[in-house]
file model_23.csv (CSV, C-alpha atoms and all ligand atoms)
chain,number,residue,atom,x,y,z
A,131,MET,CA,23.8,-17.3,-9.8
A,132,LYS,CA,22.5,-19.0,-6.7
A,133,ALA,CA,20.5,-17.1,-4.1
A,134,ARG,CA,18.8,-18.0,-0.8
A,135,ILE,CA,15.9,-16.8,1.3
A,136,ALA,CA,16.0,-17.2,5.0
A,137,LEU,CA,13.1,-16.5,7.4
A,138,SER,CA,13.5,-15.4,11.0
A,139,ASP,CA,12.0,-18.7,12.2
A,140,GLY,CA,14.9,-20.7,10.6
A,141,THR,CA,13.3,-21.7,7.3
A,142,VAL,CA,15.8,-21.5,4.4
A,143,HIS,CA,15.0,-22.0,0.7
A,144,GLU,CA,17.4,-22.0,-2.3
A,145,GLY,CA,16.8,-20.6,-5.7
A,146,GLN,CA,18.4,-18.4,-8.4
A,147,LEU,CA,19.1,-14.7,-8.3
A,148,ILE,CA,17.0,-12.2,-10.3
A,149,GLY,CA,17.8,-8.5,-10.6
A,150,HIS,CA,20.7,-7.0,-8.7
A,151,PRO,CA,23.2,-9.3,-6.8
A,152,GLY,CA,23.3,-8.5,-3.1
A,153,THR,CA,21.5,-8.9,0.2
A,154,CYS,CA,18.1,-7.4,1.2
A,155,GLY,CA,15.6,-7.9,3.9
A,156,GLY,CA,12.3,-6.9,5.3
A,157,GLU,CA,8.8,-8.2,6.3
A,158,LEU,CA,8.0,-11.2,4.0
A,159,CYS,CA,4.5,-10.5,2.5
A,160,PHE,CA,2.7,-12.3,-0.3
A,161,ASN,CA,0.3,-10.9,-2.9
A,162,THR,CA,-2.4,-12.9,-4.6
A,163,SER,CA,-2.8,-10.8,-7.7
A,164,MET,CA,-2.5,-12.7,-11.0
A,165,THR,CA,-1.2,-9.7,-12.9
A,166,GLY,CA,0.1,-6.3,-12.1
A,167,TYR,CA,3.6,-7.2,-10.8
A,168,GLN,CA,5.0,-3.8,-11.8
A,169,GLU,CA,2.3,-1.8,-10.1
A,170,ILE,CA,2.8,-3.9,-7.0
A,171,PHE,CA,6.6,-3.6,-6.9
A,172,THR,CA,6.4,0.2,-7.3
A,173,ASP,CA,3.6,0.7,-4.7
A,174,PRO,CA,5.2,2.9,-2.0
A,175,SER,CA,3.1,1.2,0.7
A,176,TYR,CA,5.4,-1.8,0.2
A,177,PHE,CA,8.5,0.1,1.2
A,178,GLY,CA,10.6,-2.1,3.5
A,179,GLN,CA,8.8,-5.3,2.6
A,180,LEU,CA,9.8,-8.4,0.6
A,181,MET,CA,7.1,-9.2,-1.9
A,182,MET,CA,6.4,-12.8,-2.8
A,183,MET,CA,3.9,-13.3,-5.7
A,184,THR,CA,1.6,-16.3,-5.4
A,185,TYR,CA,1.0,-16.3,-9.1
A,186,PRO,CA,3.8,-18.5,-10.5
A,187,HIS,CA,4.8,-16.8,-13.8
A,188,ILE,CA,6.3,-13.4,-13.3
A,189,GLY,CA,7.9,-11.2,-15.9
A,190,ASN,CA,6.2,-12.6,-19.0
A,191,TYR,CA,4.6,-9.3,-20.2
A,192,GLY,CA,7.7,-7.1,-19.5
A,193,VAL,CA,7.5,-3.6,-18.1
A,194,HIS,CA,6.2,-0.2,-19.3
A,195,PRO,CA,6.6,3.2,-17.6
A,196,ASP,CA,2.7,3.6,-17.6
A,197,TYR,CA,2.5,0.8,-15.1
A,198,ASP,CA,4.7,2.6,-12.5
A,199,GLU,CA,3.0,3.7,-9.3
A,200,ALA,CA,6.2,5.5,-8.3
A,201,PRO,CA,9.4,6.5,-10.2
A,202,ARG,CA,11.1,3.3,-9.0
A,203,PRO,CA,10.3,0.0,-7.4
A,204,MET,CA,9.6,0.4,-3.7
A,205,VAL,CA,9.7,-3.2,-2.4
A,206,ALA,CA,12.8,-4.3,-0.6
A,207,GLY,CA,13.1,-7.5,-2.6
A,208,VAL,CA,11.1,-10.0,-4.8
A,209,ILE,CA,10.4,-13.7,-4.5
A,210,VAL,CA,8.8,-15.6,-7.4
A,211,ARG,CA,8.2,-19.2,-8.4
A,212,ALA,CA,9.1,-19.1,-12.1
A,213,PHE,CA,10.7,-15.9,-13.4
A,214,SER,CA,10.3,-15.3,-17.1
A,215,ALA,CA,13.3,-13.6,-18.7
A,216,ASP,CA,11.4,-13.6,-22.0
A,217,TYR,CA,8.4,-11.4,-22.4
A,218,SER,CA,5.7,-10.9,-25.0
A,219,ASN,CA,3.7,-7.7,-25.0
A,220,ASP,CA,3.5,-5.2,-27.8
A,221,GLN,CA,3.4,-2.4,-25.3
A,222,ALA,CA,6.5,-3.5,-23.2
A,223,GLU,CA,9.5,-1.3,-23.2
A,224,GLY,CA,11.8,-3.8,-21.5
A,225,GLY,CA,12.1,-6.9,-19.4
A,226,LEU,CA,11.5,-7.2,-15.7
A,227,GLY,CA,14.9,-8.6,-15.0
A,228,GLU,CA,16.8,-5.6,-16.4
A,229,TYR,CA,14.3,-3.3,-14.7
A,230,LEU,CA,15.0,-4.8,-11.3
A,231,SER,CA,18.8,-4.7,-12.0
A,232,ARG,CA,18.7,-1.1,-13.1
A,233,HIS,CA,16.9,-0.1,-9.8
A,234,GLU,CA,19.2,-2.4,-7.8
A,235,ILE,CA,16.4,-4.6,-6.5
A,236,THR,CA,17.5,-8.1,-5.5
A,237,GLY,CA,15.1,-11.0,-6.1
A,238,ILE,CA,15.0,-14.8,-6.0
A,239,THR,CA,13.3,-17.2,-8.4
A,240,GLY,CA,12.8,-21.0,-8.4
A,241,VAL,CA,11.5,-21.0,-4.9
A,242,ASP,CA,8.5,-23.1,-3.8
A,243,THR,CA,6.3,-20.1,-3.1
A,244,ARG,CA,3.3,-22.3,-2.4
A,245,ALA,CA,5.1,-23.8,0.5
A,246,LEU,CA,6.4,-20.5,1.8
A,247,VAL,CA,3.0,-18.8,1.5
A,248,ARG,CA,1.3,-21.6,3.4
A,249,HIS,CA,4.1,-21.4,6.0
A,250,ILE,CA,3.4,-17.6,6.6
A,251,ARG,CA,-0.3,-18.2,6.4
A,252,ASN,CA,-0.1,-20.6,9.3
A,253,LYS,CA,2.7,-18.9,11.4
A,254,GLY,CA,2.0,-15.2,10.6
A,255,VAL,CA,4.0,-12.7,8.7
A,256,MET,CA,7.7,-12.5,9.7
A,257,ASN,CA,11.0,-11.0,8.5
A,258,ALA,CA,13.2,-12.6,6.0
A,259,VAL,CA,16.5,-11.9,4.1
A,260,ILE,CA,17.3,-12.7,0.5
A,261,SER,CA,21.0,-12.9,-0.5
A,262,SER,CA,23.1,-13.9,-3.5
A,263,GLU,CA,26.3,-13.3,-1.6
A,264,ILE,CA,25.9,-14.8,1.9
A,265,THR,CA,26.0,-18.6,1.6
A,266,ASP,CA,25.9,-19.6,5.3
A,267,PRO,CA,22.2,-20.4,6.1
A,268,ASP,CA,22.8,-19.7,9.9
A,269,GLU,CA,24.2,-16.2,9.1
A,270,LEU,CA,21.2,-15.5,6.9
A,271,VAL,CA,18.7,-16.6,9.5
A,272,ASP,CA,20.5,-14.5,12.1
A,273,ARG,CA,20.3,-11.4,9.8
A,274,ALA,CA,16.5,-12.0,9.3
A,275,ARG,CA,16.1,-12.2,13.2
A,276,ARG,CA,18.0,-9.0,13.6
A,277,TRP,CA,16.0,-7.1,10.9
A,278,ALA,CA,13.9,-4.3,12.4
A,279,PRO,CA,10.4,-5.5,13.1
A,280,MET,CA,7.5,-3.9,11.2
A,281,GLU,CA,5.6,-3.1,14.4
A,282,GLY,CA,6.6,0.4,15.5
A,283,LEU,CA,8.4,1.2,12.2
A,284,GLU,CA,8.0,4.7,10.8
A,285,LEU,CA,8.5,4.5,7.0
A,286,ALA,CA,6.4,7.3,5.5
A,287,THR,CA,9.2,9.8,5.6
A,288,GLN,CA,11.1,7.5,3.2
A,289,ALA,CA,8.2,7.3,0.8
A,290,THR,CA,6.8,10.8,0.7
A,291,ARG,CA,8.0,13.6,-1.5
A,292,ALA,CA,10.5,16.3,-0.4
A,293,GLU,CA,8.5,19.3,-1.6
A,294,ALA,CA,4.9,20.2,-2.2
A,295,GLN,CA,3.8,19.7,-5.8
A,296,THR,CA,0.8,21.0,-7.8
A,297,MET,CA,-0.9,18.8,-10.3
A,298,ALA,CA,-3.5,20.6,-12.4
A,299,SER,CA,-6.6,19.1,-13.9
A,300,GLU,CA,-8.1,20.5,-17.1
A,301,THR,CA,-11.5,21.3,-15.7
A,302,ASN,CA,-10.2,22.4,-12.3
A,303,LYS,CA,-13.5,21.9,-10.5
A,304,PHE,CA,-12.1,21.3,-7.0
A,305,LYS,CA,-8.9,21.9,-5.1
A,306,VAL,CA,-7.8,18.8,-3.2
A,307,ALA,CA,-4.9,18.8,-0.7
A,308,VAL,CA,-3.3,15.4,-0.7
A,309,VAL,CA,-1.1,14.5,2.3
A,310,ASP,CA,1.5,12.2,0.8
A,311,TYR,CA,2.6,9.3,3.1
A,312,GLY,CA,3.8,7.4,-0.1
A,313,VAL,CA,0.8,8.0,-2.4
A,314,LYS,CA,0.3,5.8,-5.4
A,315,LEU,CA,0.3,7.6,-8.7
A,316,SER,CA,-3.0,6.0,-9.8
A,317,ILE,CA,-4.8,7.5,-6.8
A,318,LEU,CA,-3.7,11.0,-8.0
A,319,LYS,CA,-4.8,10.1,-11.6
A,320,ASN,CA,-8.2,9.1,-10.3
A,321,LEU,CA,-8.7,12.5,-8.5
A,322,ILE,CA,-7.3,14.5,-11.5
A,323,ALA,CA,-9.6,12.6,-13.9
A,324,ARG,CA,-12.6,13.8,-11.8
A,325,GLY,CA,-11.6,17.5,-12.2
A,326,CYS,CA,-9.5,17.9,-9.0
A,327,THR,CA,-6.5,20.1,-9.1
A,328,LEU,CA,-4.1,18.7,-6.5
A,329,ARG,CA,-1.5,20.0,-4.2
A,330,VAL,CA,0.5,17.1,-2.9
A,331,PHE,CA,2.1,17.9,0.5
A,332,PRO,CA,5.0,16.1,2.2
A,333,ALA,CA,4.0,13.9,5.1
A,334,LYS,CA,5.4,16.3,7.7
A,335,SER,CA,3.3,19.3,6.5
A,336,THR,CA,1.5,21.3,9.1
A,337,PHE,CA,-2.3,22.1,9.1
A,338,GLU,CA,-1.4,25.8,8.4
A,339,GLU,CA,0.8,24.9,5.5
A,340,ILE,CA,-1.9,22.8,3.9
A,341,THR,CA,-4.8,25.1,4.5
A,342,ALA,CA,-2.9,28.2,3.2
A,343,TRP,CA,-3.6,26.7,-0.3
A,344,LYS,CA,-7.4,26.9,0.5
A,345,PRO,CA,-8.4,23.4,-0.6
A,346,ASP,CA,-12.0,22.2,-1.0
A,347,GLY,CA,-11.2,18.9,0.5
A,348,PHE,CA,-8.4,16.8,2.0
A,349,PHE,CA,-7.1,13.4,0.9
A,350,LEU,CA,-5.0,11.3,3.2
A,351,SER,CA,-2.9,8.8,1.3
A,352,ASN,CA,-1.7,5.2,1.6
A,353,GLY,CA,1.8,4.6,2.7
A,354,PRO,CA,4.3,2.1,4.3
A,355,GLY,CA,5.0,1.2,7.9
A,356,ASP,CA,3.2,1.2,11.2
A,357,PRO,CA,0.6,4.1,11.3
A,358,ARG,CA,1.0,4.4,15.1
A,359,ALA,CA,4.6,5.4,14.6
A,360,ILE,CA,3.8,8.4,12.4
A,361,THR,CA,3.3,10.7,15.3
A,362,TYR,CA,4.5,13.9,13.5
A,363,THR,CA,1.2,13.9,11.6
A,364,THR,CA,-1.1,13.4,14.6
A,365,ASP,CA,-1.9,17.1,15.0
A,366,THR,CA,-2.3,17.7,11.3
A,367,VAL,CA,-4.8,14.8,10.9
A,368,ALA,CA,-6.7,15.8,14.0
A,369,ARG,CA,-7.2,19.3,12.7
A,370,ILE,CA,-8.1,18.2,9.2
A,371,MET,CA,-10.8,15.9,10.8
A,372,THR,CA,-12.4,18.8,12.7
A,373,ASP,CA,-12.1,21.3,9.9
A,374,GLY,CA,-15.5,20.6,8.3
A,375,ARG,CA,-14.3,20.3,4.7
A,376,PRO,CA,-14.6,16.7,3.3
A,377,VAL,CA,-11.9,14.2,4.1
A,378,PHE,CA,-11.2,11.0,2.2
A,379,GLY,CA,-8.6,8.5,3.3
A,380,ILE,CA,-7.2,5.3,1.8
A,381,CYS,CA,-5.4,2.5,3.7
A,382,LEU,CA,-2.7,4.3,5.8
A,383,GLY,CA,-4.8,7.4,5.5
A,384,HIS,CA,-7.8,5.5,6.8
A,385,GLN,CA,-5.7,4.1,9.7
A,386,LEU,CA,-4.5,7.6,10.7
A,387,MET,CA,-8.1,9.0,10.6
A,388,ALA,CA,-9.2,6.2,12.8
A,389,LEU,CA,-6.4,6.8,15.3
A,390,SER,CA,-7.3,10.5,15.3
A,391,GLN,CA,-10.7,9.6,16.6
A,392,GLY,CA,-9.4,7.4,19.4
A,393,ILE,CA,-10.1,4.2,17.4
A,394,ALA,CA,-7.4,1.5,17.8
A,395,VAL,CA,-5.3,0.1,14.9
A,396,GLU,CA,-3.5,-3.2,15.4
A,397,LYS,CA,-1.0,-5.4,13.5
A,398,MET,CA,-2.8,-8.2,11.7
A,399,PHE,CA,-1.6,-11.9,11.7
A,400,VAL,CA,-0.9,-12.0,8.0
A,401,GLY,CA,-2.7,-9.0,6.4
A,402,HIS,CA,-4.5,-8.7,3.0
A,403,ARG,CA,-2.6,-8.2,-0.2
A,404,GLY,CA,-4.1,-9.0,-3.6
A,405,ALA,CA,-6.5,-7.9,-6.2
A,406,ASN,CA,-9.2,-10.4,-5.4
A,407,GLN,CA,-10.5,-9.6,-1.9
A,408,PRO,CA,-14.3,-9.7,-1.5
A,409,VAL,CA,-15.7,-6.7,0.5
A,410,LYS,CA,-19.3,-6.1,1.5
A,411,ASN,CA,-20.6,-2.6,1.3
A,412,LEU,CA,-23.0,-2.5,4.3
A,413,ILE,CA,-24.7,0.8,3.2
A,414,HIS,CA,-25.5,-0.4,-0.4
A,415,ASP,CA,-25.8,-4.1,0.5
A,416,THR,CA,-23.5,-5.0,-2.4
A,417,VAL,CA,-20.3,-6.9,-2.8
A,418,GLU,CA,-17.1,-5.5,-4.4
A,419,ILE,CA,-14.0,-7.3,-5.5
A,420,THR,CA,-11.2,-5.2,-4.2
A,421,THR,CA,-7.5,-4.6,-4.3
A,422,GLN,CA,-5.8,-4.6,-0.9
A,423,ASN,CA,-2.4,-4.1,0.6
A,424,HIS,CA,-2.3,-3.8,4.4
A,425,GLY,CA,-0.8,-5.4,7.4
A,426,PHE,CA,-2.5,-3.3,10.0
A,427,GLY,CA,-6.2,-2.8,10.6
A,428,VAL,CA,-9.0,-1.5,12.8
A,429,PRO,CA,-10.4,-4.3,15.0
A,430,GLU,CA,-14.2,-4.3,14.9
A,431,ALA,CA,-14.5,-4.3,18.6
A,432,GLY,CA,-12.6,-1.1,18.7
A,433,VAL,CA,-15.1,1.1,16.8
A,434,PRO,CA,-17.3,3.0,19.3
A,435,ALA,CA,-20.8,3.8,17.8
A,436,ASP,CA,-20.5,7.5,18.6
A,437,LYS,CA,-17.2,7.7,16.7
A,438,ALA,CA,-17.8,5.9,13.4
A,439,ASP,CA,-20.0,3.4,11.5
A,440,ILE,CA,-18.5,0.5,9.8
A,441,SER,CA,-19.4,0.9,6.1
A,442,HIS,CA,-17.5,-2.1,4.6
A,443,ILE,CA,-16.3,-5.5,5.9
A,444,ASN,CA,-14.0,-8.1,4.4
A,445,LEU,CA,-16.0,-11.2,3.5
A,446,ASN,CA,-13.0,-13.6,4.0
A,447,ASP,CA,-12.5,-12.7,7.6
A,448,GLY,CA,-15.1,-10.2,8.6
A,449,THR,CA,-12.5,-7.4,9.3
A,450,VAL,CA,-13.2,-3.7,9.1
A,451,GLU,CA,-12.7,-2.3,5.6
A,452,GLY,CA,-14.4,1.1,5.7
A,453,LEU,CA,-15.5,3.8,8.2
A,454,ARG,CA,-17.9,6.7,8.1
A,455,PHE,CA,-16.9,9.1,10.8
A,456,ARG,CA,-19.6,10.5,13.1
A,457,GLN,CA,-17.8,13.6,14.3
A,458,ALA,CA,-16.1,14.6,11.0
A,459,ASN,CA,-17.1,15.1,7.4
A,460,ALA,CA,-14.9,12.1,6.6
A,461,PHE,CA,-15.0,8.6,5.2
A,462,SER,CA,-12.2,6.1,4.6
A,463,VAL,CA,-11.5,2.6,3.3
A,464,GLN,CA,-8.8,0.2,4.3
A,465,TYR,CA,-8.6,-1.2,0.7
A,466,HIS,CA,-7.4,0.4,-2.5
A,467,PRO,CA,-10.4,1.7,-4.7
A,468,GLU,CA,-8.0,3.0,-7.4
A,469,ALA,CA,-7.3,-0.8,-7.9
A,470,CYS,CA,-4.0,-0.7,-9.9
A,471,PRO,CA,-3.8,-3.6,-10.4
A,472,GLY,CA,-7.4,-4.8,-9.9
A,473,PRO,CA,-11.1,-4.6,-10.7
A,474,HIS,CA,-12.6,-1.2,-10.8
A,475,ASP,CA,-15.7,-2.1,-8.6
A,476,SER,CA,-14.8,0.5,-5.9
A,477,ARG,CA,-14.0,3.6,-7.9
A,478,TYR,CA,-17.4,5.1,-6.9
A,479,LEU,CA,-15.7,6.2,-3.7
A,480,PHE,CA,-13.8,8.9,-5.6
A,481,ASP,CA,-17.1,10.1,-7.0
A,482,GLU,CA,-18.5,10.2,-3.5
A,483,PHE,CA,-15.6,12.4,-2.4
A,484,ILE,CA,-16.5,14.7,-5.3
A,485,HIS,CA,-20.2,14.8,-4.3
A,486,ARG,CA,-19.2,15.6,-0.7
A,487,MET,CA,-17.0,18.5,-1.9
A,488,GLN,CA,-19.9,19.7,-4.2
A,489,ALA,CA,-22.3,19.6,-1.3
A,490,HIS,CA,-19.9,21.4,1.1
A,491,LYS,CA,-19.2,24.1,-1.4
A,492,ALA,CA,-23.0,24.6,-2.0
B,1,LIG,N1,-1.4,0.4,1.6
B,1,LIG,C1,-1.2,1.1,2.7
B,1,LIG,O1,-1.4,2.3,2.9
B,1,LIG,C2,-0.6,0.2,3.9
B,1,LIG,C3,-0.8,0.8,5.2
B,1,LIG,C4,0.0,0.2,6.3
B,1,LIG,N2,1.4,0.4,6.0
B,1,LIG,C5,-0.3,-1.3,6.5
B,1,LIG,O2,0.5,-2.1,6.1
B,1,LIG,O3,-1.4,-1.6,6.9
call {"tool": "encode", "arguments": {"input": "model_23.csv", "output": "structure tokens", "more": "lines below"}}
Ligand SMILES: NC(=O)CC[C@H](N)C(=O)O
result
Amino acid sequence: MKARIALSDGTVHEGQLIGHPGTCGGELCFNTSMTGYQEIFTDPSYFGQLMMMTYPHIGNYGVHPDYDEAPRPMVAGVIVRAFSADYSNDQAEGGLGEYLSRHEITGITGVDTRALVRHIRNKGVMNAVISSEITDPDELVDRARRWAPMEGLELATQATRAEAQTMASETNKFKVAVVDYGVKLSILKNLIARGCTLRVFPAKSTFEEITAWKPDGFFLSNGPGDPRAITYTTDTVARIMTDGRPVFGICLGHQLMALSQGIAVEKMFVGHRGANQPVKNLIHDTVEITTQNHGFGVPEAGVPADKADISHINLNDGTVEGLRFRQANAFSVQYHPEACPGPHDSRYLFDEFIHRMQAHKA
């Protein structure tokens, strides 16, 4: 079946439907990871976004429940160059096509993704619509134009859990309160593997609700949408930051921590999404290859010296990738140290969080 993708600037490409027949829309992003499509499609930070993979062959190793970062795909839609209906992987428990169909995700294949990625790279990220049912290009472009812009969009309430949940570790060395704005499962697994018993709280939880559990530290998660729109958590984050117990934040969590200290967060031109982004650790003077997924960021000029030190920068464009806060027992990174998918260069950050909780307890 034919499908089309239309961008809000009038660009239209034709291809074939994959997954569920229908119409979907959102911010058109691209990811440069060569593998890991299932982890990417299920990353809750991508809620409300259309995901275009720059790697051309997608689907060829199937799907497996262990690769899920959430119980279902979270992207709004999928764009690929050459979808593979056949797969070959002795672990696979099914094909990507039926997986997308089962979860009612609409996608398009046979699209010149190189041309589309370069287009966005030059013009900046923009909204788009994919459809297998609307054939009129003008109507599709019109729908893309009318789709809600990512700036100002609050999406964490659609990615968080409804109720607090405890996840025990065998050794139970530390109690970590996780504020879930759309947390990736592999982040929780990294904390549990280091002896942390977790209580994962819904995004709207208050400081009192969270601290009643008596955690040894706080973790502020990744998540979708514009961090400046998540105003219901402002008070909670501010009080967590002045509490004294260690705080670690990843991506959206990092952005919320920055905002709580009066540090600005802005929408980026294109953003960083992929498993191959070089980052320099300015404290260790080393380079890490990192996994990233963000469209907002902290501008370097907006980090006052009395508020935070920049600990990491992106080597492609020099943007801020990590902060050590001066007025809080807190550190954060813009990228994803759990790296699912991706190289594990940055997992030392989870160990640092453990060391900080050890030191604070002592
Ligand atoms: N991975 C994330 O937490 C993404 C944070 C935020 N939604 C952004 O796009 O910048």
call {"tool": "residues_near_point", "arguments": {"input": "model_23.csv", "point": "(17.2, -18.6, -10.9)", "cutoff": "7 Å", "atoms": "all atoms listed in the file", "output": "number ranges by chain"}}
result
A: 131-132, 145-148, 238-240
call {"tool": "write_last_selection", "arguments": {"input": "model_23.csv", "atoms": "C-alpha atoms", "output": "tab-separated table (two decimals), keeping the file's coordinate frame"}}
result
chain	number	residue	atom	x	y	z
A	131	MET	CA	23.80	-17.30	-9.80
A	132	LYS	CA	22.50	-19.00	-6.70
A	145	GLY	CA	16.80	-20.60	-5.70
A	146	GLN	CA	18.40	-18.40	-8.40
A	147	LEU	CA	19.10	-14.70	-8.30
A	148	ILE	CA	17.00	-12.20	-10.30
A	238	ILE	CA	15.00	-14.80	-6.00
A	239	THR	CA	13.30	-17.20	-8.40
A	240	GLY	CA	12.80	-21.00	-8.40
call {"tool": "closest_residue", "arguments": {"input": "model_23.csv", "among": "A:Ala258, A:Ile443, A:Cys381, A:Val306", "to": "ligand LIG 1 (chain B)", "atoms": "only C-alpha atoms and all ligand atoms"}}
result
A:Cys381
call {"tool": "closest_residue", "arguments": {"input": "model_23.csv", "among": "A:Pro376, A:Gly355, A:Pro201, A:Gly448", "to": "A:Asn423", "atoms": "all atoms listed in the file"}}
result
A:Gly355
call {"tool": "closest_residue", "arguments": {"input": "model_23.csv", "among": "A:Glu451, A:Asp439, A:Asp268, A:Asp346", "to": "A:His485", "atoms": "all atoms listed in the file"}}
result
A:Asp346
call {"tool": "closest_residue", "arguments": {"input": "model_23.csv", "among": "A:Ile188, A:Leu283, A:Leu270, A:Leu479", "to": "ligand LIG 1 (chain B)", "atoms": "all atoms listed in the file"}}
result
A:Leu283
call {"tool": "build_atoms", "arguments": {"input": "model_23.csv", "residues": "stretch 434-450 of chain A", "atoms": "N, CA and C atoms", "output": "PDB file, keeping the file's coordinate frame"}}
result
ATOM      1  N   PRO A 434     -16.172   2.530  18.481  1.00  0.00           N
ATOM      2  CA  PRO A 434     -17.300   3.000  19.300  1.00  0.00           C
ATOM      3  C   PRO A 434     -18.390   3.609  18.399  1.00  0.00           C
ATOM      4  N   ALA A 435     -19.641   3.328  18.700  1.00  0.00           N
ATOM      5  CA  ALA A 435     -20.800   3.800  17.800  1.00  0.00           C
ATOM      6  C   ALA A 435     -20.854   5.276  17.723  1.00  0.00           C
ATOM      7  N   ASP A 436     -20.375   6.011  18.721  1.00  0.00           N
ATOM      8  CA  ASP A 436     -20.500   7.500  18.600  1.00  0.00           C
ATOM      9  C   ASP A 436     -19.325   8.067  17.804  1.00  0.00           C
ATOM     10  N   LYS A 437     -18.343   7.254  17.454  1.00  0.00           N
ATOM     11  CA  LYS A 437     -17.200   7.700  16.700  1.00  0.00           C
ATOM     12  C   LYS A 437     -17.340   7.477  15.194  1.00  0.00           C
ATOM     13  N   ALA A 438     -17.746   6.248  14.846  1.00  0.00           N
ATOM     14  CA  ALA A 438     -17.800   5.900  13.400  1.00  0.00           C
ATOM     15  C   ALA A 438     -18.750   4.708  13.217  1.00  0.00           C
ATOM     16  N   ASP A 439     -19.282   4.621  11.981  1.00  0.00           N
ATOM     17  CA  ASP A 439     -20.000   3.400  11.500  1.00  0.00           C
ATOM     18  C   ASP A 439     -19.159   2.635  10.619  1.00  0.00           C
ATOM     19  N   ILE A 440     -19.243   1.322  10.738  1.00  0.00           N
ATOM     20  CA  ILE A 440     -18.500   0.500   9.800  1.00  0.00           C
ATOM     21  C   ILE A 440     -19.281   0.389   8.514  1.00  0.00           C
ATOM     22  N   SER A 441     -18.669   0.827   7.409  1.00  0.00           N
ATOM     23  CA  SER A 441     -19.400   0.900   6.100  1.00  0.00           C
ATOM     24  C   SER A 441     -19.061  -0.339   5.256  1.00  0.00           C
ATOM     25  N   HIS A 442     -17.889  -0.943   5.455  1.00  0.00           N
ATOM     26  CA  HIS A 442     -17.500  -2.100   4.600  1.00  0.00           C
ATOM     27  C   HIS A 442     -16.781  -3.121   5.508  1.00  0.00           C
ATOM     28  N   ILE A 443     -17.027  -4.395   5.172  1.00  0.00           N
ATOM     29  CA  ILE A 443     -16.300  -5.500   5.900  1.00  0.00           C
ATOM     30  C   ILE A 443     -15.699  -6.437   4.839  1.00  0.00           C
ATOM     31  N   ASN A 444     -14.613  -7.093   5.224  1.00  0.00           N
ATOM     32  CA  ASN A 444     -14.000  -8.100   4.400  1.00  0.00           C
ATOM     33  C   ASN A 444     -14.760  -9.404   4.509  1.00  0.00           C
ATOM     34  N   LEU A 445     -15.159  -9.995   3.384  1.00  0.00           N
ATOM     35  CA  LEU A 445     -16.000 -11.200   3.500  1.00  0.00           C
ATOM     36  C   LEU A 445     -15.169 -12.467   3.726  1.00  0.00           C
ATOM     37  N   ASN A 446     -13.857 -12.386   3.606  1.00  0.00           N
ATOM     38  CA  ASN A 446     -13.000 -13.600   4.000  1.00  0.00           C
ATOM     39  C   ASN A 446     -12.910 -13.719   5.454  1.00  0.00           C
ATOM     40  N   ASP A 447     -12.714 -12.605   6.166  1.00  0.00           N
ATOM     41  CA  ASP A 447     -12.500 -12.700   7.600  1.00  0.00           C
ATOM     42  C   ASP A 447     -13.269 -11.781   8.466  1.00  0.00           C
ATOM     43  N   GLY A 448     -14.175 -11.021   7.849  1.00  0.00           N
ATOM     44  CA  GLY A 448     -15.100 -10.200   8.600  1.00  0.00           C
ATOM     45  C   GLY A 448     -14.413  -8.906   9.182  1.00  0.00           C
ATOM     46  N   THR A 449     -13.174  -8.605   8.775  1.00  0.00           N
ATOM     47  CA  THR A 449     -12.500  -7.400   9.300  1.00  0.00           C
ATOM     48  C   THR A 449     -13.022  -6.120   8.759  1.00  0.00           C
ATOM     49  N   VAL A 450     -12.751  -5.031   9.463  1.00  0.00           N
ATOM     50  CA  VAL A 450     -13.200  -3.700   9.100  1.00  0.00           C
ATOM     51  C   VAL A 450     -12.512  -3.224   7.826  1.00  0.00           C
TER      52      VAL A 450
END
